[in-house]
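Engineer: Got work_31.pdb for you, PDB, C-alpha atoms, pLDDT in the B column:
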ATOM      1  CA  MET A   1      -0.647  56.139   4.881  1.00 50.00           C
ATOM      2  CA  THR A   2      -1.899  52.555   5.036  1.00 54.00           C
ATOM      3  CA  VAL A   3      -4.113  51.439   7.926  1.00 53.00           C
ATOM      4  CA  THR A   4      -4.763  47.738   8.458  1.00 62.00           C
ATOM      5  CA  SER A   5      -8.063  46.625   9.922  1.00 64.00           C
ATOM      6  CA  THR A   6     -10.020  43.390  10.278  1.00 69.00           C
ATOM      7  CA  ARG A   7     -13.225  42.787   8.354  1.00 66.00           C
ATOM      8  CA  THR A   8     -15.645  39.915   8.234  1.00 72.00           C
ATOM      9  CA  ILE A   9     -16.543  38.405   4.859  1.00 69.00           C
ATOM     10  CA  GLN A  10     -18.105  35.164   3.733  1.00 69.00           C
ATOM     11  CA  CYS A  11     -16.209  32.012   2.810  1.00 68.00           C
ATOM     12  CA  ASN A  12     -16.629  31.593  -0.941  1.00 66.00           C
ATOM     13  CA  LYS A  13     -17.034  27.831  -0.479  1.00 65.00           C
ATOM     14  CA  CYS A  14     -19.500  27.339   2.359  1.00 73.00           C
ATOM     15  CA  GLY A  15     -20.644  30.879   3.229  1.00 70.00           C
ATOM     16  CA  ALA A  16     -19.273  30.881   6.771  1.00 75.00           C
ATOM     17  CA  SER A  17     -17.965  34.143   8.243  1.00 74.00           C
ATOM     18  CA  VAL A  18     -14.214  34.678   7.829  1.00 68.00           C
ATOM     19  CA  GLU A  19     -12.143  37.469   9.377  1.00 70.00           C
ATOM     20  CA  VAL A  20      -9.490  38.902   7.033  1.00 63.00           C
ATOM     21  CA  GLU A  21      -7.009  41.733   7.270  1.00 64.00           C
ATOM     22  CA  TRP A  22      -7.995  44.721   5.179  1.00 58.00           C
ATOM     23  CA  GLN A  23      -5.736  47.573   4.139  1.00 56.00           C
ATOM     24  CA  ASP A  24      -7.374  50.987   3.939  1.00 53.00           C
ATOM     25  CA  ASP A  25      -5.786  52.366   0.821  1.00 49.00           C
ATOM     26  CA  LEU A  26      -7.235  52.072  -2.665  1.00 45.00           C
ATOM     27  CA  THR A  27      -4.888  49.670  -4.435  1.00 46.00           C
ATOM     28  CA  PRO A  28      -4.719  46.925  -1.760  1.00 44.00           C
ATOM     29  CA  LYS A  29      -8.495  47.231  -1.360  1.00 42.00           C
ATOM     30  CA  ILE A  30      -8.948  46.500  -5.064  1.00 40.00           C
ATOM     31  CA  MET A  31      -6.547  43.572  -4.813  1.00 40.00           C
ATOM     32  CA  ARG A  32      -8.433  42.195  -1.818  1.00 41.00           C
ATOM     33  CA  PHE A  33     -11.711  42.495  -3.736  1.00 39.00           C
ATOM     34  CA  GLN A  34     -10.176  40.554  -6.614  1.00 40.00           C
ATOM     35  CA  GLU A  35      -9.021  37.816  -4.235  1.00 43.00           C
ATOM     36  CA  VAL A  36     -12.485  37.484  -2.724  1.00 40.00           C
ATOM     37  CA  THR A  37     -14.268  37.361  -6.062  1.00 40.00           C
ATOM     38  CA  ALA A  38     -11.703  34.842  -7.395  1.00 42.00           C
ATOM     39  CA  GLY A  39     -12.598  32.449  -4.596  1.00 45.00           C
ATOM     40  CA  LEU A  40      -9.266  32.632  -2.796  1.00 52.00           C
ATOM     41  CA  VAL A  41     -10.721  33.450   0.618  1.00 59.00           C
ATOM     42  CA  ALA A  42     -12.055  30.479   2.561  1.00 62.00           C
ATOM     43  CA  CYS A  43     -12.642  29.410   6.154  1.00 68.00           C
ATOM     44  CA  ASP A  44     -10.168  27.082   7.878  1.00 71.00           C
ATOM     45  CA  PRO A  45     -12.308  23.898   7.524  1.00 73.00           C
ATOM     46  CA  CYS A  46     -12.705  24.484   3.768  1.00 67.00           C
ATOM     47  CA  ILE A  47      -8.982  25.139   3.386  1.00 65.00           C
ATOM     48  CA  GLU A  48      -8.234  21.924   5.286  1.00 70.00           C
ATOM     49  CA  THR A  49     -10.639  19.948   3.088  1.00 67.00           C
ATOM     50  CA  TYR A  50      -9.086  21.452  -0.040  1.00 59.00           C
ATOM     51  CA  GLU A  51      -5.553  20.567   1.082  1.00 59.00           C
ATOM     52  CA  LYS A  52      -6.617  16.997   1.908  1.00 63.00           C
ATOM     53  CA  GLN A  53      -8.130  16.688  -1.563  1.00 61.00           C
ATOM     54  CA  LEU A  54      -4.897  17.909  -3.140  1.00 54.00           C
ATOM     55  CA  LYS A  55      -2.919  15.315  -1.195  1.00 60.00           C
ATOM     56  CA  SER A  56      -5.415  12.610  -2.145  1.00 59.00           C
ATOM     57  CA  ASP A  57      -5.198  13.554  -5.825  1.00 55.00           C
ATOM     58  CA  SER A  58      -1.402  13.508  -5.621  1.00 63.00           C
ATOM     59  CA  ARG A  59      -1.407  10.063  -3.973  1.00 67.00           C
ATOM     60  CA  HIS A  60      -3.791   8.786  -6.630  1.00 71.00           C
ATOM     61  CA  GLU A  61      -1.515  10.040  -9.416  1.00 75.00           C
ATOM     62  CA  ARG A  62       1.502   8.360  -7.821  1.00 79.00           C
ATOM     63  CA  LEU A  63      -0.422   5.110  -7.503  1.00 79.00           C
ATOM     64  CA  MET A  64      -1.317   5.298 -11.198  1.00 80.00           C
ATOM     65  CA  ASP A  65       2.395   5.665 -11.956  1.00 80.00           C
ATOM     66  CA  ILE A  66       3.169   2.586  -9.825  1.00 81.00           C
ATOM     67  CA  MET A  67       0.505   0.640 -11.707  1.00 77.00           C
ATOM     68  CA  ALA A  68       1.893   1.801 -15.048  1.00 77.00           C
ATOM     69  CA  ALA A  69       5.298   0.466 -13.975  1.00 77.00           C
ATOM     70  CA  GLU A  70       3.559  -2.873 -13.213  1.00 79.00           C
ATOM     71  CA  LEU A  71       4.687  -2.859  -9.600  1.00 87.00           C
ATOM     72  CA  VAL A  72       1.087  -3.300  -8.392  1.00 91.00           C
ATOM     73  CA  THR A  73      -2.254  -4.084 -10.038  1.00 90.00           C
ATOM     74  CA  ALA A  74      -5.496  -2.113  -9.981  1.00 88.00           C
ATOM     75  CA  LYS A  75      -6.878  -4.726  -7.590  1.00 91.00           C
ATOM     76  CA  VAL A  76      -5.032  -2.933  -4.787  1.00 92.00           C
ATOM     77  CA  LEU A  77      -7.625  -0.168  -5.152  1.00 88.00           C
ATOM     78  CA  GLU A  78     -10.500  -2.659  -5.292  1.00 90.00           C
ATOM     79  CA  CYS A  79      -9.450  -4.234  -1.984  1.00 92.00           C
ATOM     80  CA  ARG A  80      -8.712  -1.108   0.038  1.00 90.00           C
ATOM     81  CA  ASN A  81     -12.134  -0.868   1.713  1.00 91.00           C
ATOM     82  CA  MET A  82     -12.869  -4.571   2.134  1.00 92.00           C
ATOM     83  CA  ARG A  83     -13.564  -5.906   5.609  1.00 92.00           C
ATOM     84  CA  PHE A  84     -12.019  -9.034   7.062  1.00 94.00           C
ATOM     85  CA  VAL A  85     -12.445 -11.033  10.247  1.00 92.00           C
ATOM     86  CA  GLU A  86      -8.705 -10.648  10.757  1.00 93.00           C
ATOM     87  CA  ASP A  87      -8.606  -6.823  10.460  1.00 94.00           C
ATOM     88  CA  ALA A  88      -8.083  -6.248  14.187  1.00 94.00           C
ATOM     89  CA  GLN A  89      -4.902  -8.329  14.124  1.00 94.00           C
ATOM     90  CA  PHE A  90      -3.202  -5.611  12.077  1.00 96.00           C
ATOM     91  CA  ASP A  91      -3.981  -2.705  14.403  1.00 94.00           C
ATOM     92  CA  GLY A  92      -0.742  -0.972  15.255  1.00 92.00           C
ATOM     93  CA  TRP A  93       1.182  -2.462  12.313  1.00 95.00           C
ATOM     94  CA  ASN A  94       4.401  -0.451  11.969  1.00 94.00           C
ATOM     95  CA  PHE A  95       4.944  -1.367   8.272  1.00 96.00           C
ATOM     96  CA  GLN A  96       8.153  -3.197   9.152  1.00 94.00           C
ATOM     97  CA  GLU A  97       6.726  -6.472  10.415  1.00 96.00           C
ATOM     98  CA  SER A  98       6.329  -9.273   7.849  1.00 97.00           C
ATOM     99  CA  PHE A  99       3.356 -11.629   7.568  1.00 97.00           C
ATOM    100  CA  VAL A 100       2.583 -15.063   6.201  1.00 96.00           C
ATOM    101  CA  LEU A 101      -1.155 -15.271   5.466  1.00 97.00           C
ATOM    102  CA  HIS A 102      -2.090 -18.924   5.103  1.00 96.00           C
ATOM    103  CA  GLY A 103      -5.241 -20.999   4.806  1.00 94.00           C
ATOM    104  CA  TYR A 104      -7.433 -22.817   2.313  1.00 91.00           C
ATOM    105  CA  VAL A 105      -8.698 -21.206  -0.896  1.00 90.00           C
ATOM    106  CA  ARG A 106     -11.437 -18.542  -0.738  1.00 87.00           C
ATOM    107  CA  ARG A 107     -10.320 -17.214   2.623  1.00 92.00           C
ATOM    108  CA  GLY A 108      -9.409 -13.780   1.238  1.00 93.00           C
ATOM    109  CA  LYS A 109      -5.653 -14.037   1.729  1.00 96.00           C
ATOM    110  CA  THR A 110      -4.717 -12.116  -1.423  1.00 96.00           C
ATOM    111  CA  SER A 111      -7.414  -9.472  -0.939  1.00 95.00           C
ATOM    112  CA  LEU A 112      -6.359  -8.848   2.649  1.00 96.00           C
ATOM    113  CA  ALA A 113      -2.720  -8.613   1.579  1.00 97.00           C
ATOM    114  CA  ARG A 114      -3.642  -6.015  -1.047  1.00 96.00           C
ATOM    115  CA  LYS A 115      -5.618  -4.063   1.523  1.00 96.00           C
ATOM    116  CA  LEU A 116      -2.481  -3.988   3.668  1.00 97.00           C
ATOM    117  CA  LEU A 117      -0.471  -2.791   0.659  1.00 96.00           C
ATOM    118  CA  TYR A 118      -2.858   0.113   0.154  1.00 94.00           C
ATOM    119  CA  ARG A 119      -2.734   0.933   3.848  1.00 95.00           C
ATOM    120  CA  ALA A 120       1.069   1.108   3.649  1.00 96.00           C
ATOM    121  CA  TYR A 121       0.835   3.266   0.531  1.00 93.00           C
ATOM    122  CA  GLU A 122      -1.531   5.678   2.274  1.00 91.00           C
ATOM    123  CA  ALA A 123       1.014   5.951   5.088  1.00 92.00           C
ATOM    124  CA  GLY A 124       3.683   7.018   2.601  1.00 90.00           C
ATOM    125  CA  TYR A 125       5.523   3.731   2.022  1.00 94.00           C
ATOM    126  CA  SER A 126       6.503   2.326  -1.369  1.00 94.00           C
ATOM    127  CA  ILE A 127       4.690  -0.874  -2.329  1.00 95.00           C
ATOM    128  CA  GLY A 128       4.943  -3.713  -4.819  1.00 95.00           C
ATOM    129  CA  GLU A 129       3.333  -7.048  -5.554  1.00 96.00           C
ATOM    130  CA  THR A 130       4.247 -10.181  -7.465  1.00 94.00           C
ATOM    131  CA  THR A 131       3.462 -13.891  -7.414  1.00 93.00           C
ATOM    132  CA  GLY A 132       5.704 -16.796  -6.537  1.00 91.00           C
ATOM    133  CA  ALA A 133       5.591 -17.968 -10.158  1.00 89.00           C
ATOM    134  CA  LYS A 134       6.532 -14.540 -11.531  1.00 90.00           C
ATOM    135  CA  LEU A 135       9.270 -14.134  -8.964  1.00 89.00           C
ATOM    136  CA  ALA A 136      10.740 -17.496  -9.958  1.00 86.00           C
ATOM    137  CA  SER A 137      10.562 -16.418 -13.595  1.00 86.00           C
ATOM    138  CA  ILE A 138      12.243 -13.014 -13.291  1.00 85.00           C
ATOM    139  CA  GLY A 139      14.561 -14.074 -10.463  1.00 73.00           C
ATOM    140  CA  GLY A 140      16.569 -16.222 -12.837  1.00 71.00           C
ATOM    141  CA  SER A 141      16.157 -14.052 -15.908  1.00 74.00           C
ATOM    142  CA  PHE A 142      18.954 -12.275 -17.721  1.00 73.00           C
ATOM    143  CA  ASP A 143      16.524  -9.937 -19.492  1.00 84.00           C
ATOM    144  CA  ARG A 144      17.274  -6.276 -18.762  1.00 84.00           C
ATOM    145  CA  VAL A 145      13.608  -5.331 -18.173  1.00 83.00           C
ATOM    146  CA  ASP A 146      13.107  -8.306 -15.849  1.00 85.00           C
ATOM    147  CA  LYS A 147      16.177  -7.314 -13.861  1.00 86.00           C
ATOM    148  CA  MET A 148      14.943  -3.727 -13.538  1.00 88.00           C
ATOM    149  CA  ARG A 149      11.550  -4.917 -12.303  1.00 88.00           C
ATOM    150  CA  PHE A 150      13.158  -7.396  -9.912  1.00 90.00           C
ATOM    151  CA  ASN A 151      15.337  -4.650  -8.429  1.00 91.00           C
ATOM    152  CA  ALA A 152      12.365  -2.270  -8.158  1.00 92.00           C
ATOM    153  CA  LEU A 153      10.323  -4.887  -6.262  1.00 93.00           C
ATOM    154  CA  MET A 154      13.280  -5.719  -4.057  1.00 93.00           C
ATOM    155  CA  ALA A 155      13.598  -2.072  -2.966  1.00 93.00           C
ATOM    156  CA  THR A 156       9.947  -1.476  -2.008  1.00 95.00           C
ATOM    157  CA  ASP A 157       9.099  -0.836   1.643  1.00 96.00           C
ATOM    158  CA  VAL A 158       6.252  -3.377   1.615  1.00 97.00           C
ATOM    159  CA  LEU A 159       6.144  -6.266  -0.872  1.00 97.00           C
ATOM    160  CA  LEU A 160       3.433  -8.857  -1.469  1.00 97.00           C
ATOM    161  CA  ILE A 161       4.479 -12.281  -2.808  1.00 96.00           C
ATOM    162  CA  ASP A 162       1.216 -14.037  -3.623  1.00 96.00           C
ATOM    163  CA  ASP A 163       0.936 -17.851  -3.808  1.00 94.00           C
ATOM    164  CA  LEU A 164       4.572 -18.457  -2.965  1.00 92.00           C
ATOM    165  CA  ASP A 165       3.942 -22.214  -2.787  1.00 87.00           C
ATOM    166  CA  LYS A 166       2.948 -22.353  -6.473  1.00 85.00           C
ATOM    167  CA  ALA A 167       6.424 -21.406  -7.708  1.00 80.00           C
ATOM    168  CA  ALA A 168       8.768 -23.974  -9.236  1.00 76.00           C
ATOM    169  CA  TRP A 169      12.206 -23.246  -7.820  1.00 74.00           C
ATOM    170  CA  THR A 170      15.373 -24.509  -9.447  1.00 76.00           C
ATOM    171  CA  ARG A 171      19.066 -23.959  -8.854  1.00 73.00           C
ATOM    172  CA  HIS A 172      18.912 -21.333 -11.590  1.00 76.00           C
ATOM    173  CA  ASN A 173      16.179 -19.117 -10.092  1.00 80.00           C
ATOM    174  CA  LEU A 174      16.522 -19.989  -6.401  1.00 78.00           C
ATOM    175  CA  SER A 175      19.414 -17.568  -5.963  1.00 79.00           C
ATOM    176  CA  GLY A 176      17.071 -14.785  -7.077  1.00 82.00           C
ATOM    177  CA  PHE A 177      14.582 -15.690  -4.329  1.00 85.00           C
ATOM    178  CA  TRP A 178      17.393 -15.765  -1.788  1.00 86.00           C
ATOM    179  CA  ASN A 179      18.727 -12.382  -2.957  1.00 88.00           C
ATOM    180  CA  MET A 180      15.228 -10.908  -2.715  1.00 91.00           C
ATOM    181  CA  MET A 181      14.644 -12.147   0.837  1.00 92.00           C
ATOM    182  CA  ASN A 182      18.153 -11.382   2.032  1.00 93.00           C
ATOM    183  CA  SER A 183      17.966  -7.777   0.803  1.00 93.00           C
ATOM    184  CA  ARG A 184      14.552  -7.330   2.439  1.00 93.00           C
ATOM    185  CA  GLU A 185      15.547  -8.497   5.912  1.00 90.00           C
ATOM    186  CA  SER A 186      14.694  -5.107   7.426  1.00 88.00           C
ATOM    187  CA  LEU A 187      11.641  -4.516   5.195  1.00 96.00           C
ATOM    188  CA  SER A 188       8.081  -5.803   5.331  1.00 97.00           C
ATOM    189  CA  THR A 189       7.187  -8.773   3.128  1.00 97.00           C
ATOM    190  CA  ILE A 190       3.692 -10.257   2.972  1.00 98.00           C
ATOM    191  CA  ILE A 191       3.467 -13.845   1.727  1.00 97.00           C
ATOM    192  CA  THR A 192       0.273 -15.736   0.948  1.00 97.00           C
ATOM    193  CA  THR A 193       0.126 -19.512   0.711  1.00 95.00           C
ATOM    194  CA  ASN A 194      -2.420 -22.308   0.941  1.00 94.00           C
ATOM    195  CA  TYR A 195      -0.031 -24.177   3.227  1.00 93.00           C
ATOM    196  CA  SER A 196       1.112 -23.448   6.739  1.00 93.00           C
ATOM    197  CA  PRO A 197       4.492 -21.657   6.807  1.00 92.00           C
ATOM    198  CA  GLU A 198       6.312 -24.887   7.680  1.00 92.00           C
ATOM    199  CA  GLU A 199       4.434 -26.871   5.019  1.00 92.00           C
ATOM    200  CA  CYS A 200       5.163 -24.160   2.459  1.00 90.00           C
ATOM    201  CA  LYS A 201       8.853 -24.205   3.325  1.00 88.00           C
ATOM    202  CA  HIS A 202       9.021 -28.010   3.093  1.00 87.00           C
ATOM    203  CA  SER A 203       7.107 -27.942  -0.199  1.00 84.00           C
ATOM    204  CA  LEU A 204       9.614 -25.532  -1.712  1.00 82.00           C
ATOM    205  CA  GLU A 205      12.522 -27.522  -0.313  1.00 82.00           C
ATOM    206  CA  SER A 206      11.199 -30.710  -1.921  1.00 80.00           C
ATOM    207  CA  ARG A 207      11.064 -29.015  -5.331  1.00 74.00           C
ATOM    208  CA  SER A 208      14.454 -27.338  -5.105  1.00 73.00           C
ATOM    209  CA  ASP A 209      17.987 -28.656  -5.252  1.00 74.00           C
ATOM    210  CA  ASN A 210      19.213 -26.384  -2.444  1.00 77.00           C
ATOM    211  CA  ALA A 211      16.988 -26.728   0.622  1.00 81.00           C
ATOM    212  CA  SER A 212      19.353 -24.712   2.798  1.00 85.00           C
ATOM    213  CA  LEU A 213      18.750 -21.579   0.716  1.00 83.00           C
ATOM    214  CA  ILE A 214      14.982 -21.962   1.161  1.00 84.00           C
ATOM    215  CA  ARG A 215      15.392 -22.187   4.929  1.00 87.00           C
ATOM    216  CA  ALA A 216      17.763 -19.222   4.941  1.00 89.00           C
ATOM    217  CA  ALA A 217      15.344 -17.158   2.845  1.00 89.00           C
ATOM    218  CA  PHE A 218      12.486 -17.807   5.301  1.00 91.00           C
ATOM    219  CA  SER A 219      14.741 -16.885   8.204  1.00 92.00           C
ATOM    220  CA  ARG A 220      15.041 -13.376   6.751  1.00 92.00           C
ATOM    221  CA  LEU A 221      11.343 -12.731   7.399  1.00 91.00           C
ATOM    222  CA  THR A 222      11.926 -11.099  10.765  1.00 88.00           C
ATOM    223  CA  PRO A 223      10.046  -9.879  12.633  1.00 93.00           C
ATOM    224  CA  ARG A 224       7.297 -12.126  11.270  1.00 95.00           C
ATOM    225  CA  ARG A 225       3.756 -13.023  12.235  1.00 95.00           C
ATOM    226  CA  ASP A 226       1.813 -15.956  10.790  1.00 96.00           C
ATOM    227  CA  ILE A 227      -1.920 -15.393  10.331  1.00 96.00           C
ATOM    228  CA  HIS A 228      -4.062 -18.494   9.818  1.00 96.00           C
ATOM    229  CA  MET A 229      -7.173 -17.454   7.896  1.00 95.00           C
ATOM    230  CA  THR A 230     -10.032 -19.879   8.532  1.00 91.00           C
ATOM    231  CA  THR A 231     -13.112 -17.832   7.572  1.00 89.00           C
ATOM    232  CA  ASP A 232     -14.659 -17.412   4.116  1.00 85.00           C
ATOM    233  CA  ASN A 233     -14.317 -13.617   4.263  1.00 81.00           C
ATOM    234  CA  ALA A 234     -16.444 -12.925   1.186  1.00 76.00           C
ATOM    235  CA  LYS A 235     -19.384 -14.774   2.765  1.00 76.00           C
ATOM    236  CA  TRP A 236     -18.712 -13.211   6.179  1.00 79.00           C
ATOM    237  CA  SER A 237     -18.660  -9.706   4.676  1.00 75.00           C
ATOM    238  CA  GLN A 238     -21.970 -10.302   2.905  1.00 71.00           C
ATOM    239  CA  GLU A 239     -23.526 -11.467   6.162  1.00 72.00           C
ATOM    240  CA  GLN A 240     -22.196  -8.402   7.992  1.00 72.00           C
ATOM    241  CA  ASN A 241     -23.600  -6.075   5.331  1.00 67.00           C
ATOM    242  CA  ALA A 242     -26.969  -7.814   5.510  1.00 69.00           C
ATOM    243  CA  GLU A 243     -27.094  -7.366   9.289  1.00 67.00           C
ATOM    244  CA  ASN A 244     -26.273  -3.662   9.009  1.00 56.00           C
TER
END
Reformat the file's structure so that it appears as structure tokens.
Structural biologist:
Amino acid sequence: MTVTSTRTIQCNKCGASVEVEWQDDLTPKIMRFQEVTAGLVACDPCIETYEKQLKSDSRHERLMDIMAAELVTAKVLECRNMRFVEDAQFDGWNFQESFVLHGYVRRGKTSLARKLLYRAYEAGYSIGETTGAKLASIGGSFDRVDKMRFNALMATDVLLIDDLDKAAWTRHNLSGFWNMMNSRESLSTIITTNYSPEECKHSLESRSDNASLIRAAFSRLTPRRDIHMTTDNAKWSQEQNAEN
């Protein structure tokens, strides 16, 4: 006959007391002893920490796969813990709203955008990044690999298009930009530019031969918020660190 009782043993990780069920017949007792000595008995906090670590390792592996596919760069990791004056403006972001981050050079637009990408990734969303110049290049390409990458970027939940204003749009590649924006109407797109959104749009219109498509593409960024970055965030962060 087997009798089950409760015994107190030590967590093999931190040494805290853990109550476990113990069966009073020889074979299960031996099995329980093997479990304890193998380190399989742990307190709830240690189990929770272990499970979090497993999830973190899994997320890291997936991010490495995304990098290998050239959908994001390693700089996404470098930017994930940076601090910005504008951080509070993204509290409550639902990963569906789009943003245009604009301002002069050295304001941290790209770094902040990459931080937002990592935040979305941590929340379980797919991410991708490209530049305006690269998007113009692959958007009008007939190369099979370029098309695959274009389609992969188009399908991501959150996409960064860095330096959109530096792209040279033509009739040939403009349709690719329009297709990208049109397909992402319900997804989050983060655009960085040195110009204000209106100036960026006019700049692209002046270099294209189909201004109406540019305007239509921008109209697909809904809901959208424009963030004007006026602070040198690298300098500000150094000052904050010095004060702390």
Engineer: What is the atom CA of Trp178 of chain A-atom CA of Ala216 of chain A distance in Å, reported with one decimal?
Structural biologist: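 Atom CA of Ala216 of chain A lies 7.6 Å from atom CA of Trp178 of chain A.
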Engineer: Figure out the distance between atom CA of Ala74 of chain A and atom CA of Arg184 of chain A, please, to one decimal in Å.
Structural biologist: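 Spanning atom CA of Arg184 of chain A to atom CA of Ala74 of chain A is a straight-line distance of 24.2 Å.
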Engineer: Which residues fall under the PyMOL selection byres ((chain A and resi 182) around 10) in this file, as number ranges by chain?
Structural biologist: A: 154, 176-181, 183-187, 216-221
Engineer: Determine the residue set returned by the PyMOL selection byres ((chain A and resi 139) around 9) for the present structure, and present it as a ChimeraX atom specification.
Structural biologist: /A:134-138,140-142,146-147,150,172-177,179-180
Engineer: Here is a test: counting all atoms listed in the file, which residue of A:Asn81, A:Thr222, A:Ser237, A:Ser126 is nearest to Arg62 of chain A?
Structural biologist: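 That would be A:Ser126, the residue with the smallest distance to Arg62 of chain A.
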Engineer: Any idea what the distance is between atom CA of Asp157 of chain A and atom CA of Arg114 of chain A?
Structural biologist: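 Separation of atom CA of Asp157 of chain A and atom CA of Arg114 of chain A: 14.0 Å.
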Engineer: List the residues selected by the PyMOL selection byres ((chain A and resi 115) around 9) in the file shown, writing them as JSON, numbers by chain.
Structural biologist: {"A": [76, 77, 78, 79, 80, 81, 82, 110, 111, 112, 113, 114, 116, 117, 118, 119, 120]}
Engineer: Within 8 Å of Thr230 of chain A, counting all atoms listed in the file, which residues qualify if same-chain residues fewer than 3 places away don't, as number ranges by chain?
Structural biologist: A: 103-104, 107
Engineer: Take the selection from the previous step and output its residues with C-alpha atoms, as a PDB file, in the frame of the given file.
Structural biologist:
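The result, written out as out.pdb:
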ATOM      1  CA  GLY A 103      -5.241 -20.999   4.806  1.00 94.00           C
ATOM      2  CA  TYR A 104      -7.433 -22.817   2.313  1.00 91.00           C
ATOM      3  CA  ARG A 107     -10.320 -17.214   2.623  1.00 92.00           C
TER       4      ARG A 107
END
Engineer: Can you find the residues with an atom no farther than 9 Å from (3.6, -19.6, -4.3), counting only C-alpha atoms, and report them as a PyMOL selection string?
Structural biologist: chain A and resi 131-133+161-168+191-194+200+204
